[in-house]
Amino acid sequence: MSTRRSYDRVAARYAVELSGELAGKPLDRALLDAVAESADGLVLDVGCGPGHVAAYLAGRVPVVGVDLSPQMCAHADVPACAGDMTALPIRTRSVSALVCLYAVIHLDAGQRAQAYAEFARVLRPGGQALVAFHVRDAETRTGQEKTLTRWWDSEVDLTFHFLDPDEETRALAEAGLTVTARLDRTPDPRVEHASDRAYLLARAASASGSGS
């Protein structure tokens, strides 16, 4: 897959450039803190990259990462394995919470539906999922996509989808995940790509099926 090969190629540089990014993202840290506080067991970082988000969580909860790129996983300082988010190598109802930051952006609508169904499958009843994605930037409107063919010094073939939070809320609901909170924010160009972003916090149905 072009996405896997592309991230394998840039993994070492990515780990250097982005490993400390959370230091400049107080809202991201606050949301991760909220997920950690609500978790009562294992937390799964889907699309973990070099494991910097998982490492932040690891100070307070047990965490494991999954990423499409084996080379990304090799740079992680927390347990991580290579895997596809549309077919997670994780047991059903085995994680108490899940985070997925800027990873579903590489999937089309059908693939995202599969990924959300997998999120619902692996979460325990009442477990929370935090999903973040790009909404728009100066060149790309919501619902459009852009392709990157060179990243740093490497040739890549990556497609980035800019997503509509309302549509993703509906897609999560169809998978059995009810959005309970949403945060929209503008970018900080000093520490990240200049795109508007959205964060959706969703909850798996409780054992009684009430979703509370």
# chains A, B, ... in the order shown; residues from 1 in each chain; ligands from 1
$ select_by_dssp --residues "region 38-147 of chain A" --states "helix (DSSP H, G or I)" --output "JSON, numbers by chain"
{"A": [38, 52, 53, 54, 55, 56, 57, 58, 70, 71, 72, 73, 74, 104, 105, 106, 109, 110, 111, 112, 113, 114, 115, 116, 117, 118, 119, 120, 121, 122]}
$ write_last_selection --atoms "C-alpha atoms" --output "PDB file, in the first residue's frame"
ATOM      1  CA  SER A  38     -12.083   8.067  32.115  1.00  0.00           C
ATOM      2  CA  HIS A  52       4.568  10.097  20.946  1.00  0.00           C
ATOM      3  CA  VAL A  53       0.864  10.314  21.848  1.00  0.00           C
ATOM      4  CA  ALA A  54       0.940   6.835  23.385  1.00  0.00           C
ATOM      5  CA  ALA A  55       4.042   7.806  25.361  1.00  0.00           C
ATOM      6  CA  TYR A  56       2.197  10.815  26.774  1.00  0.00           C
ATOM      7  CA  LEU A  57      -0.665   8.573  27.892  1.00  0.00           C
ATOM      8  CA  ALA A  58       1.647   5.872  29.243  1.00  0.00           C
ATOM      9  CA  PRO A  70       6.164  -1.137  10.692  1.00  0.00           C
ATOM     10  CA  GLN A  71       8.950   1.429  10.595  1.00  0.00           C
ATOM     11  CA  MET A  72       6.865   3.876  12.596  1.00  0.00           C
ATOM     12  CA  CYS A  73       6.236   1.192  15.196  1.00  0.00           C
ATOM     13  CA  ALA A  74       9.977   0.536  15.413  1.00  0.00           C
ATOM     14  CA  VAL A 104      -8.480   8.425   9.457  1.00  0.00           C
ATOM     15  CA  ILE A 105      -7.565  11.278   7.075  1.00  0.00           C
ATOM     16  CA  HIS A 106      -5.870   8.719   4.831  1.00  0.00           C
ATOM     17  CA  ALA A 109     -15.527   7.212   3.322  1.00  0.00           C
ATOM     18  CA  GLY A 110     -16.009   3.470   2.973  1.00  0.00           C
ATOM     19  CA  GLN A 111     -12.729   2.716   4.695  1.00  0.00           C
ATOM     20  CA  ARG A 112     -13.517   5.142   7.498  1.00  0.00           C
ATOM     21  CA  ALA A 113     -16.809   3.337   8.061  1.00  0.00           C
ATOM     22  CA  GLN A 114     -14.879   0.078   8.394  1.00  0.00           C
ATOM     23  CA  ALA A 115     -12.421   1.696  10.800  1.00  0.00           C
ATOM     24  CA  TYR A 116     -15.202   3.111  12.979  1.00  0.00           C
ATOM     25  CA  ALA A 117     -16.852  -0.298  13.101  1.00  0.00           C
ATOM     26  CA  GLU A 118     -13.539  -1.712  14.294  1.00  0.00           C
ATOM     27  CA  PHE A 119     -13.266   1.009  16.946  1.00  0.00           C
ATOM     28  CA  ALA A 120     -16.708   0.030  18.221  1.00  0.00           C
ATOM     29  CA  ARG A 121     -15.788  -3.656  18.164  1.00  0.00           C
ATOM     30  CA  VAL A 122     -12.625  -3.381  20.267  1.00  0.00           C
TER      31      VAL A 122
END
$ residues_around --residues "Val179 (chain A)" --least-positions-apart "3" --cutoff "12 Å" --atoms "only C-alpha atoms" --output "list of chain:residue names"
A:Gly126, A:Gly127, A:Gln128, A:Ala129, A:Leu130, A:Val131, A:Pro165, A:Asp166, A:Glu167, A:Glu168, A:Thr169, A:Arg170, A:Ala171, A:Leu172, A:Ala173, A:Glu174, A:Ala175, A:Gly176, A:Arg182, A:Leu183, A:Tyr199, A:Leu200, A:Leu201, A:Ala202, A:Arg203, A:Ala204, A:Ala205, A:Gly211, A:Ser212
$ closest_residue --among "A:Ser96, A:Ser19, A:Thr159, A:Gln144" --to "Arg4 (chain A)" --atoms "only C-alpha atoms"
A:Thr159
$ atom_distance --atom1 "CA of Lys25 (chain A)" --atom2 "CA of Pro187 (chain A)"
9.8 Å
$ closest_residue --among "A:Leu22, A:Ala194, A:Ala138, A:Ala39" --to "Pro62 (chain A)" --atoms "only C-alpha atoms"
A:Ala39
$ select_by_dssp --residues "region 18-190 of chain A" --states "strand (DSSP E or B)" --output "VMD selection string"
chain A and resid 43 to 46 63 to 67 80 to 82 84 87 95 to 101 123 to 137 145 to 151 154 to 161 177 to 185
$ closest_residue --among "A:Glu155, A:Glu192, A:Asp164, A:Glu145" --to "Asp8 (chain A)" --atoms "only C-alpha atoms"
A:Glu155
$ atom_distance --atom1 "CA of Pro50 (chain A)" --atom2 "CA of Tyr14 (chain A)"
7.6 Å
$ closest_residue --among "A:Asp67, A:Leu158, A:Tyr7, A:Val191" --to "Gly20 (chain A)" --atoms "only C-alpha atoms"
A:Val191
$ atom_distance --atom1 "CA of Val66 (chain A)" --atom2 "CA of Ala80 (chain A)"
5.5 Å
$ closest_residue --among "A:Val64, A:Ala36, A:Leu31, A:Ala76" --to "Gly51 (chain A)" --atoms "only C-alpha atoms"
A:Ala76
$ closest_residue --among "A:Leu88, A:Ala12, A:Leu163, A:Ala181" --to "Asp196 (chain A)" --atoms "only C-alpha atoms"
A:Leu163
